Structures are given as C-alpha cells and as structure tokens.
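Shown below: model_9.cif, with mmCIF, C-alpha atoms and all ligand atoms.
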```
data_run
loop_
_atom_site.label_atom_id
_atom_site.label_comp_id
_atom_site.auth_asym_id
_atom_site.auth_seq_id
_atom_site.Cartn_x
_atom_site.Cartn_y
_atom_site.Cartn_z
CA MET A 1 -157.25 -58.54 250.68
CA LYS A 2 -154.07 -56.58 251.17
CA PRO A 3 -151.07 -57.37 248.93
CA ASP A 4 -149.23 -59.32 251.66
CA GLN A 5 -152.36 -61.42 252.26
CA ILE A 6 -152.70 -62.12 248.53
CA ILE A 7 -149.10 -63.35 248.46
CA GLU A 8 -149.70 -65.47 251.58
CA ALA A 9 -152.83 -66.97 250.00
CA LEU A 10 -151.13 -67.66 246.66
CA ARG A 11 -148.22 -69.34 248.42
CA LEU A 12 -150.62 -71.53 250.41
CA MET A 13 -152.52 -72.46 247.25
CA LEU A 14 -149.28 -73.41 245.49
CA LEU A 15 -148.17 -75.36 248.55
CA SER A 16 -151.50 -77.16 248.56
CA ARG A 17 -151.21 -78.15 244.89
CA ALA A 18 -147.61 -79.31 245.43
CA LEU A 19 -148.60 -81.22 248.59
CA ASP A 20 -151.32 -83.06 246.63
CA GLU A 21 -148.81 -84.15 244.02
CA PHE A 22 -146.21 -85.07 246.64
CA CYS A 23 -148.60 -87.16 248.75
CA ILE A 24 -150.11 -88.95 245.74
CA LYS A 25 -146.59 -89.97 244.65
CA LEU A 26 -145.84 -91.21 248.17
CA GLN A 27 -149.05 -93.21 248.17
CA ARG A 28 -148.14 -94.78 244.82
CA ARG A 29 -144.80 -95.82 246.35
CA ASN A 30 -146.60 -97.39 249.32
CA ARG A 31 -145.25 -94.76 251.74
CA LEU A 32 -148.61 -93.23 252.60
CA GLY A 33 -151.99 -94.85 253.30
CA VAL A 34 -154.68 -92.79 251.67
CA TYR A 35 -154.83 -89.17 250.55
CA ALA A 36 -157.72 -86.91 249.52
CA PRO A 37 -156.53 -84.09 247.25
CA VAL A 38 -157.70 -80.46 247.41
CA HIS A 39 -157.03 -79.87 243.69
CA GLY A 40 -159.57 -77.39 242.32
CA GLN A 41 -160.87 -76.32 245.72
CA GLU A 42 -157.89 -74.25 246.86
CA ALA A 43 -159.60 -70.85 246.74
CA ALA A 44 -162.53 -72.07 248.87
CA VAL A 45 -160.26 -73.68 251.44
CA VAL A 46 -157.57 -71.00 251.65
CA GLY A 47 -159.89 -67.97 251.35
CA SER A 48 -162.04 -69.18 254.24
CA ALA A 49 -159.10 -70.12 256.47
CA MET A 50 -157.56 -66.70 256.00
CA ALA A 51 -160.64 -65.02 257.45
CA LEU A 52 -159.99 -66.66 260.82
CA ASP A 53 -157.64 -65.55 263.56
CA PRO A 54 -155.70 -68.70 264.57
CA ALA A 55 -154.94 -67.14 267.98
CA ASP A 56 -158.62 -67.13 269.00
CA ASP A 57 -160.79 -68.94 266.48
CA TRP A 58 -161.38 -72.68 266.13
CA MET A 59 -161.27 -74.69 262.92
CA ILE A 60 -163.09 -77.99 262.53
CA PRO A 61 -162.03 -79.72 259.31
CA ALA A 62 -163.77 -82.41 257.28
CA SER A 63 -161.06 -84.38 255.52
CA ARG A 64 -159.44 -82.55 252.62
CA GLU A 65 -158.69 -79.07 253.97
CA GLN A 66 -154.92 -79.51 254.26
CA PRO A 67 -153.88 -75.90 253.46
CA ALA A 68 -156.47 -74.54 255.91
CA MET A 69 -155.06 -76.72 258.69
CA LEU A 70 -151.52 -75.54 257.91
CA ARG A 71 -152.68 -71.91 257.87
CA HIS A 72 -154.33 -72.43 261.24
CA GLY A 73 -151.03 -73.55 262.77
CA LEU A 74 -150.66 -77.30 262.22
CA PRO A 75 -146.97 -77.86 261.40
CA LEU A 76 -146.36 -79.51 258.01
CA GLU A 77 -144.29 -82.11 259.85
CA ASN A 78 -147.27 -83.20 261.97
CA LEU A 79 -149.52 -83.30 258.93
CA LEU A 80 -147.12 -85.50 256.95
CA ALA A 81 -146.52 -87.66 260.03
CA THR A 82 -150.25 -88.39 260.34
CA TYR A 83 -150.58 -89.25 256.65
CA THR A 84 -147.57 -91.57 256.73
CA GLY A 85 -148.73 -93.41 259.84
CA LYS A 86 -146.23 -91.89 262.27
CA VAL A 87 -149.13 -91.16 264.57
CA ASP A 88 -147.06 -90.42 267.68
CA HIS A 89 -145.68 -87.37 265.88
CA GLY A 90 -148.84 -86.29 264.12
CA ARG A 91 -150.69 -84.80 267.07
CA ILE A 92 -152.23 -81.36 266.93
CA PRO A 93 -150.11 -79.15 269.23
CA SER A 94 -152.09 -78.09 272.30
CA ASP A 95 -151.96 -74.39 271.39
CA VAL A 96 -153.42 -74.95 267.89
CA LYS A 97 -157.19 -74.43 267.88
CA LEU A 98 -157.95 -77.23 265.45
CA LEU A 99 -159.85 -80.51 265.71
CA LEU A 100 -158.82 -83.75 264.01
CA ARG A 101 -159.93 -84.47 260.45
CA GLN A 102 -163.24 -86.30 260.43
CA GLN A 103 -163.70 -89.44 258.35
CA ALA A 104 -167.30 -90.15 259.40
CA ILE A 105 -169.21 -87.86 257.06
CA ALA A 106 -170.90 -84.91 258.85
CA ALA A 107 -170.00 -86.16 262.35
CA GLN A 108 -167.89 -83.04 262.91
CA LEU A 109 -170.95 -80.76 262.65
CA PRO A 110 -172.60 -81.48 266.04
CA HIS A 111 -169.13 -81.28 267.66
CA ALA A 112 -168.62 -77.89 266.04
CA VAL A 113 -171.90 -76.57 267.44
CA GLY A 114 -170.90 -77.73 270.92
CA LEU A 115 -167.53 -76.10 270.55
CA ALA A 116 -168.99 -72.80 269.35
CA TRP A 117 -171.60 -72.90 272.11
CA ALA A 118 -168.79 -73.32 274.68
CA LEU A 119 -167.03 -70.25 273.26
CA LYS A 120 -170.25 -68.30 273.71
CA LEU A 121 -170.88 -69.58 277.25
CA ARG A 122 -167.36 -68.60 278.23
CA GLY A 123 -167.96 -65.09 276.89
CA LEU A 124 -165.04 -65.28 274.44
CA ALA A 125 -164.99 -63.12 271.32
CA ALA A 126 -163.93 -66.19 269.33
CA VAL A 127 -165.71 -68.02 266.52
CA ALA A 128 -165.58 -71.52 265.05
CA LEU A 129 -165.65 -72.54 261.40
CA VAL A 130 -166.60 -76.04 260.31
CA TYR A 131 -165.97 -77.52 256.85
CA PHE A 132 -168.27 -80.06 255.23
CA GLY A 133 -169.29 -81.18 251.76
CA ASP A 134 -172.37 -81.40 249.56
CA GLY A 135 -172.66 -85.07 250.53
CA ALA A 136 -172.45 -84.26 254.23
CA ALA A 137 -175.27 -81.73 253.79
CA SER A 138 -177.68 -84.67 253.30
CA GLU A 139 -176.86 -86.23 256.66
CA GLY A 140 -179.08 -85.89 259.71
CA ASP A 141 -176.08 -84.56 261.62
CA PHE A 142 -176.08 -81.45 259.44
CA HIS A 143 -179.75 -80.70 260.06
CA GLU A 144 -179.55 -81.32 263.79
CA ALA A 145 -176.40 -79.24 264.09
CA ALA A 146 -177.88 -76.36 262.08
CA ASN A 147 -181.05 -76.40 264.16
CA LEU A 148 -179.20 -76.26 267.48
CA ALA A 149 -176.76 -73.64 266.18
CA GLY A 150 -179.72 -71.43 265.23
CA VAL A 151 -181.60 -71.93 268.50
CA GLN A 152 -178.52 -71.20 270.62
CA ASN A 153 -177.28 -68.47 268.26
CA VAL A 154 -173.74 -69.80 268.42
CA PRO A 155 -170.72 -68.16 266.75
CA LEU A 156 -170.28 -70.80 264.04
CA ILE A 157 -169.66 -70.60 260.30
CA PHE A 158 -170.98 -73.64 258.45
CA PHE A 159 -168.62 -73.69 255.46
CA LEU A 160 -170.13 -75.98 252.86
CA ILE A 161 -167.79 -76.90 250.03
CA ASN A 162 -170.03 -77.86 247.15
CA ASN A 163 -167.54 -79.58 244.84
CA ARG A 164 -170.39 -81.23 242.84
CA TRP A 165 -169.48 -84.79 243.89
CA ALA A 166 -169.66 -87.04 246.94
CA ILE A 167 -167.34 -89.81 245.73
CA SER A 168 -169.43 -91.02 242.73
CA THR A 169 -172.72 -89.31 243.66
CA PRO A 170 -173.26 -86.08 241.70
CA VAL A 171 -174.96 -83.21 243.48
CA SER A 172 -177.99 -83.65 241.17
CA LYS A 173 -178.62 -87.02 242.85
CA GLN A 174 -177.79 -85.68 246.29
CA THR A 175 -180.59 -83.12 246.38
CA ALA A 176 -183.49 -81.80 244.32
CA ALA A 177 -182.60 -78.28 245.47
CA GLU A 178 -180.64 -75.96 243.19
CA ASP A 179 -179.07 -74.11 246.05
CA LEU A 180 -177.91 -75.57 249.37
CA SER A 181 -177.37 -72.23 251.11
CA VAL A 182 -181.14 -71.60 251.31
CA ARG A 183 -181.32 -74.32 253.98
CA ALA A 184 -180.08 -71.78 256.52
CA ALA A 185 -183.41 -69.92 256.35
CA GLY A 186 -185.16 -73.03 257.66
CA TYR A 187 -183.02 -72.82 260.77
CA GLY A 188 -183.35 -69.08 261.27
CA PHE A 189 -179.98 -67.79 260.20
CA GLU A 190 -178.33 -66.35 257.15
CA GLY A 191 -177.11 -68.41 254.22
CA LEU A 192 -175.30 -67.32 251.10
CA ARG A 193 -173.66 -68.71 248.02
CA VAL A 194 -170.26 -67.67 246.83
CA ASP A 195 -168.08 -68.47 243.82
CA GLY A 196 -165.78 -70.90 245.58
CA ASP A 197 -163.11 -70.49 242.91
CA ASP A 198 -162.81 -66.77 243.62
CA LEU A 199 -160.35 -66.35 246.48
CA PHE A 200 -161.39 -62.75 247.16
CA ALA A 201 -165.13 -63.47 247.17
CA VAL A 202 -164.63 -66.41 249.55
CA TYR A 203 -162.44 -64.35 251.85
CA GLU A 204 -164.89 -61.41 251.97
CA ALA A 205 -167.93 -63.63 252.54
CA THR A 206 -166.19 -65.50 255.34
CA ARG A 207 -164.83 -62.31 256.88
CA GLU A 208 -168.35 -60.85 257.07
CA ALA A 209 -169.72 -64.05 258.61
CA VAL A 210 -166.86 -64.12 261.13
CA ALA A 211 -167.44 -60.46 262.08
CA ARG A 212 -171.17 -61.10 262.58
CA ALA A 213 -170.53 -64.20 264.70
CA ARG A 214 -167.92 -62.37 266.77
CA ALA A 215 -170.40 -59.57 267.46
CA GLY A 216 -173.01 -62.04 268.75
CA GLY A 217 -174.95 -62.28 265.47
CA GLY A 218 -174.90 -66.09 265.40
CA PRO A 219 -174.24 -68.65 262.69
CA THR A 220 -173.96 -68.31 258.91
CA LEU A 221 -174.07 -70.98 256.23
CA ILE A 222 -171.71 -70.27 253.34
CA GLU A 223 -171.97 -72.49 250.28
CA ALA A 224 -168.76 -72.26 248.26
CA CYS A 225 -169.39 -73.53 244.73
CA THR A 226 -166.36 -75.22 243.29
CA TYR A 227 -165.32 -78.49 241.67
CA ARG A 228 -163.36 -81.54 242.79
CA VAL A 229 -160.83 -81.77 239.95
CA GLY A 230 -158.91 -84.62 241.53
CA PHE A 231 -160.13 -88.06 242.43
CA HIS A 232 -162.10 -88.51 245.64
CA ASN A 233 -159.02 -90.05 247.18
CA THR A 234 -156.17 -92.31 246.15
CA SER A 235 -158.46 -95.37 246.13
CA ASP A 236 -160.91 -93.83 243.66
CA ASN A 237 -161.01 -93.70 239.86
CA PRO A 238 -163.44 -90.94 238.77
CA ARG A 239 -163.12 -91.91 235.07
CA GLU A 240 -165.50 -94.74 235.97
CA TYR A 241 -168.36 -92.36 236.69
CA ARG A 242 -167.89 -88.84 235.34
CA ASP A 243 -167.37 -87.05 232.07
CA GLU A 244 -163.85 -85.79 231.41
CA ALA A 245 -165.30 -82.67 229.70
CA GLU A 246 -166.66 -81.56 233.06
CA VAL A 247 -163.19 -81.84 234.58
CA ALA A 248 -161.59 -79.98 231.68
CA ALA A 249 -164.07 -77.09 232.15
CA ALA A 250 -163.15 -76.84 235.83
CA GLU A 251 -159.46 -76.96 235.01
CA ALA A 252 -159.91 -74.06 232.62
CA ASN A 253 -161.28 -72.10 235.59
CA ASP A 254 -158.32 -72.93 237.83
CA PRO A 255 -158.58 -70.93 241.09
CA ILE A 256 -154.80 -70.59 241.38
CA GLU A 257 -154.50 -69.21 237.86
CA ARG A 258 -157.19 -66.63 238.66
CA VAL A 259 -155.21 -65.24 241.60
CA ARG A 260 -151.93 -65.51 239.69
CA ARG A 261 -153.38 -63.37 236.88
CA TYR A 262 -154.75 -60.80 239.30
CA ALA A 263 -151.54 -60.57 241.31
CA THR A 264 -149.41 -60.31 238.18
CA ALA A 265 -151.59 -57.49 236.80
CA ALA A 266 -151.38 -55.76 240.19
CA GLY A 267 -147.59 -55.87 239.95
CA ILE A 268 -147.13 -57.95 243.12
CA TRP A 269 -146.30 -61.29 241.46
CA SER A 270 -144.05 -62.49 238.66
CA GLY A 271 -142.79 -65.65 237.03
CA GLU A 272 -139.48 -65.30 238.86
CA GLU A 273 -141.25 -64.88 242.21
CA GLU A 274 -143.31 -68.00 241.53
CA ALA A 275 -140.23 -70.02 240.52
CA ARG A 276 -138.51 -68.93 243.75
CA ILE A 277 -141.52 -69.81 245.93
CA SER A 278 -142.10 -73.13 244.14
CA LEU A 279 -138.50 -74.13 244.80
CA GLU A 280 -138.87 -73.09 248.45
CA ILE A 281 -142.02 -75.26 248.69
CA SER A 282 -140.46 -78.37 247.14
CA THR A 283 -137.39 -77.99 249.38
CA GLU A 284 -139.66 -77.71 252.42
CA LEU A 285 -141.74 -80.74 251.40
CA ASN A 286 -138.68 -82.91 250.73
CA ALA A 287 -136.85 -81.89 253.91
CA THR A 288 -139.95 -82.38 256.05
CA TYR A 289 -140.71 -85.76 254.53
CA ARG A 290 -137.11 -86.92 255.07
CA LYS A 291 -137.44 -86.00 258.73
CA VAL A 292 -140.81 -87.73 259.08
CA ALA A 293 -139.62 -90.87 257.24
CA SER A 294 -136.80 -91.27 259.75
CA LEU A 295 -139.18 -91.28 262.72
CA PRO A 296 -139.96 -94.65 264.31
CA ARG A 297 -143.16 -96.36 263.28
CA PRO A 298 -145.77 -96.74 266.01
CA GLY A 299 -146.05 -100.14 267.62
CA PRO A 300 -149.21 -102.23 267.13
CA ASN A 301 -150.37 -101.11 270.57
CA ALA A 302 -150.98 -97.63 269.14
CA ILE A 303 -154.36 -98.57 267.65
CA PHE A 304 -155.63 -99.21 271.19
CA GLU A 305 -154.45 -95.89 272.59
CA HIS A 306 -156.28 -92.54 272.83
CA VAL A 307 -159.79 -94.00 272.81
CA TYR A 308 -160.34 -94.90 276.47
CA GLU A 309 -158.64 -93.27 279.42
CA GLU A 310 -158.91 -96.67 281.10
CA GLN A 311 -159.23 -99.58 278.71
CA PRO A 312 -162.19 -101.87 279.40
CA THR A 313 -161.38 -105.56 279.93
CA ARG A 314 -162.80 -106.48 276.52
CA VAL A 315 -160.43 -104.08 274.73
CA ARG A 316 -157.45 -105.18 276.85
CA ARG A 317 -158.15 -108.80 275.89
CA GLN A 318 -158.35 -107.90 272.20
CA ARG A 319 -155.06 -106.06 272.49
CA ASP A 320 -153.30 -108.94 274.21
CA THR A 321 -154.63 -111.44 271.67
CA LEU A 322 -153.46 -109.27 268.77
CA LEU A 323 -150.03 -108.60 270.23
CA ASN A 324 -149.49 -112.34 270.80
CA GLN A 325 -150.41 -113.18 267.21
CA LEU A 326 -148.24 -110.59 265.49
CA PRO A 327 -144.86 -111.47 264.04
CA GLU A 328 -141.85 -109.40 265.11
CA PRO A 329 -142.09 -105.96 263.43
CA ASP A 330 -139.70 -105.28 260.55
CA ASP A 331 -138.25 -101.80 260.18
CA ALA A 332 -139.15 -101.18 256.58
CA GLY A 333 -139.60 -97.43 257.15
C1 LIG B 1 -171.15 -91.71 257.72
C2 LIG B 1 -170.38 -92.04 256.50
N1 LIG B 1 -171.02 -92.50 255.41
C3 LIG B 1 -170.32 -92.78 254.28
C4 LIG B 1 -168.96 -92.60 254.24
C5 LIG B 1 -168.18 -92.87 252.95
N2 LIG B 1 -167.80 -91.60 252.36
C6 LIG B 1 -166.58 -91.09 252.51
S1 LIG B 1 -166.40 -89.61 251.75
C7 LIG B 1 -167.98 -89.64 251.17
C8 LIG B 1 -168.52 -88.53 250.31
C9 LIG B 1 -168.42 -87.21 250.95
O1 LIG B 1 -168.85 -86.24 250.05
P1 LIG B 1 -168.89 -84.71 250.43
O2 LIG B 1 -169.54 -84.53 251.73
O3 LIG B 1 -169.46 -84.00 249.26
O4 LIG B 1 -167.33 -84.34 250.63
P2 LIG B 1 -166.14 -84.41 249.56
O5 LIG B 1 -165.56 -85.81 249.64
O6 LIG B 1 -166.71 -84.11 248.22
O7 LIG B 1 -165.14 -83.41 250.01
C10 LIG B 1 -168.64 -90.80 251.60
C11 LIG B 1 -170.02 -91.16 251.24
C12 LIG B 1 -168.32 -92.11 255.40
N3 LIG B 1 -167.00 -91.87 255.43
N4 LIG B 1 -169.05 -91.83 256.51
MG MG B 2 -168.50 -83.14 247.67
#
```
Represent the structure from my file as structure tokens, please.
Amino acid sequence: MKPDQIIEALRLMLLSRALDEFCIKLQRRNRLGVYAPVHGQEAAVVGSAMALDPADDWMIPASREQPAMLRHGLPLENLLATYTGKVDHGRIPSDVKLLLRQQAIAAQLPHAVGLAWALKLRGLAAVALVYFGDGAASEGDFHEAANLAGVQNVPLIFFLINNRWAISTPVSKQTAAEDLSVRAAGYGFEGLRVDGDDLFAVYEATREAVARARAGGGPTLIEACTYRVGFHNTSDNPREYRDEAEVAAAEANDPIERVRRYATAAGIWSGEEEARISLEISTELNATYRKVASLPRPGPNAIFEHVYEEQPTRVRRQRDTLLNQLPEPDDAG
C-alpha cells in the first residue's frame, strides 16, 4: 500500500470504530432498530474493499461491512438513513455498484455468482466481491454458488470473514475442518487463508485475486481469519456464551492499533493527526445524523413497496387491512 492508501485505510477503520459506537448509542436511545458492529474485523473489511475499483467492480455485502460499503461509494447519509428507518432516503444511488445488505444468511452468494457471470458475459473487465461469514459457509447456498462459480469461471472473489462465531455458535461447532479456504479446491479454484487482522496482507491477497479474476482467471476464495470483538448485534449478549479471555486476546491484537503503529513508525501518522481526523469523523457523524433525524419517517405503506412491480390482490388486501387498523401516526422523530 502506498502512504496515501494507508492513511485512507486508517481513516476508514477509525470511522468504522466510531460509527459502531455512534450507532450502538443511538440504538440504546431507541433511535435505531438493530446494528451489527464491525469491531475487531476492520482490517479484513477495509483491506478487501480497498482492492476494488468502485468505478467498475461490484460489491455484495453480508450484513456488517459498513466501512466497505462507504468506501465503495454509499454515502454515510444513506447508510444512517437505512439504519434509522428512513428508508426512502437510504437507497443505494444508481451509480454505486453495491447490492443491499443481506439478512438471510448466505443468500447473497448465488446472487453474486449471477452478477459476476453477467459481467463476464458482457465482456467487461470488472470483478465482483462477495462477503460472507464462517456460519454462512455451512449453508447450501455457499456450496452451490462456489460450484457454479467454478464451472463458469466467473470473476468473483468469495471473501469469507472467519470471525470465529456465528451468533453463539463457535467455529469449532460449525465445522470439523481446521481451514475453510481448502473448500475452494473441491470446486476447482484457488483458496487461501490470510491474517484478517493484517490490513496489508488482506489488501495484497485481495488485490492478487482481483487481478486474476480481471484477467479471466476465475474465482478465488479468501478466508480472512479475525475475531468478532463486539456482540453479534445490539440484541445479543455474548457474555452468555463465550469466555471474556478470548475477547481480551483479540483486543490485544487490535487491527487498528497494528496499522497505527506501522504508520507512526513510517512517519506518516501522529497523535495530532489522529486527533484531527477523529474530530473530523465525529463532526461528520453528528452532522449527518442531525440531517437524517430531520427527514420524514416513511408511512406504513412503505413495507409493501419495492417487492412487487404490481401488487397481487392478496398483498393489496393485507395493505388495506393494515392501513385501516393503524392509529394516526405521531411524529416522534
Ligand atoms: C437463513 C438464515 N438462518 C439463520 C439466520 C439467523 N442468523 C443471523 S446471523 C447468523 C450467524 C451468521 O454467522 P456468520 O455467517 O459467521 O456471520 P457473522 O454474523 O459472524 O458476521 C444467523 C444464524 C438468518 N439470518 N438467516
Ligand atoms: Mg462469523
């Protein structure tokens, strides 16, 4: 990575950590529905995103890759609007090559293969990268997607974030295999494992996979080994099921601190620079949230929109019944 890229990555990682804290506070104040933090996984998420060219390449997220989505061009305002229920303002702009976050585990993987296959059929020199977790790797969707991606030799990077947990299921109960990246061999393409807390290693591994896919070399499975330091999401309490010592060990290997130390030793980062950037980030978060909070809430009709181009009678009836039963909306923000 060049110095300006290291600074960009470090800023994104700091923004990600601050965004986690900001959104968790909003959720605790009942201003945000549910939030899945990236804490601990920032190097895996940011390092991989930075290997893509947002002008050409497609990103297919799972559900906690917030800094990657921002790096790929999703405005912070749209991201915060989605999380705070202002769905009319949370859309992905049409020129941003990003799919929606996926809540149904692994369901994004077959879509990603189709998308990458379309890029190939159109003769574009573009690639797609899809995020998924160690839990998702057990789903049939993963195996079917990997098989088709191999057969069709599509330009797709399967970016597996092994954060050791799938809510309360540890990876040891998820699979008897030591290494998830070896699965790629069964589908006829390359797989590799990378230290997911090493920004530079993640970036280089993804860059190589992207270059190979762009040159017609087909898919790659990258397993980024990291740790989910935070809770699964704001409705989860990991103290119920995991040992705090494990969390402390991961915290001692903080991916942000690793880059901070490197950049400081390289003379391109300092405490003053970090204080300046952190202030810039909190100002940006506060100003953006103020703007989003002032936007109108969607009406109850919104849950019926964007699924069918023409609503079937059954759905129209459900909508009418619901709208007749609802009290007048308040405007509690
Ligand atoms: C098909 C499906 N099954 C179960 C769930 C409930 N669920 C939500 S997240 C999750 C665990 C996902 O773990 P992993 O793939 O490792 O991703 P991580 O949350 O660790 O990023 C599960 C089981 C779901 N959303 N969809
Ligand atoms: Mg996981």
Enumerate residues in contact with ligand MG 2 (chain B): an atom-to-atom distance of at most 7 Å, counting all atoms listed in the file. Format the result as a list in words.
->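 Based on all atoms listed in the file, ligand MG 2 (chain B) is surrounded within 7 Å by Gly133, Asp134, Gly135, Ile161, Asn162, Asn163, Arg164, Trp165 and Ala166 of chain A.
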Report as a PyMOL selection string which protein, DNA and RNA residues come within 10 Å of ligand LIG 1 (chain B), using all atoms listed in the file.
-> chain A and resi 36-38+41+62-65+102-107+131-139+141+160-171+174+227-228+231-233
Draw an axis-aligned box over all listed atoms of region 278-286 of chain A, pad each side with 6 Å, and write its centre and edge lengths in Å, one decimal, as JSON.
```
{"center_x": -139.7, "center_y": -78.0, "center_z": 248.3, "size_x": 16.7, "size_y": 21.8, "size_z": 20.3}
```
For CA of Asn237 (chain A) and CA of Ser16 (chain A), the interatomic separation in Å (one decimal) =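 So the two atoms, CA of Asn237 (chain A) and CA of Ser16 (chain A), lie 21.0 Å apart.
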re CA of Arg317 (chain A) and CA of Pro296 (chain A): distance 25.8 Å
Distance in Å - CA of Leu10 (chain A) versus CA of Gln66 (chain A) | 14.6 Å
For the point (-141.7, -73.2, 243.6) in file coordinates, what residues are within 12 Å, counting all atoms listed in the file? Give the answer as a PyMOL selection string?
-> chain A and resi 10-19+271-285
Which residues are near region 89-101 of chain A? Cut-off 6 Å, only C-alpha atoms, ignore same chain within fewer than 6 positions. Put them as a compact mmCIF listing (two decimals) with C-alpha atoms, keeping the file's coordinate frame.
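As written to disk, result.txt reads:
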```txt
# COMPACT_ATOMS: atom_id res chain seq x y z
CA TRP A 58 -161.38 -72.68 266.13
CA MET A 59 -161.27 -74.69 262.92
CA ILE A 60 -163.09 -77.99 262.53
CA PRO A 61 -162.03 -79.72 259.31
CA ALA A 62 -163.77 -82.41 257.28
CA SER A 63 -161.06 -84.38 255.52
CA GLY A 73 -151.03 -73.55 262.77
CA ASN A 78 -147.27 -83.20 261.97
CA ALA A 81 -146.52 -87.66 260.03
CA THR A 82 -150.25 -88.39 260.34
```
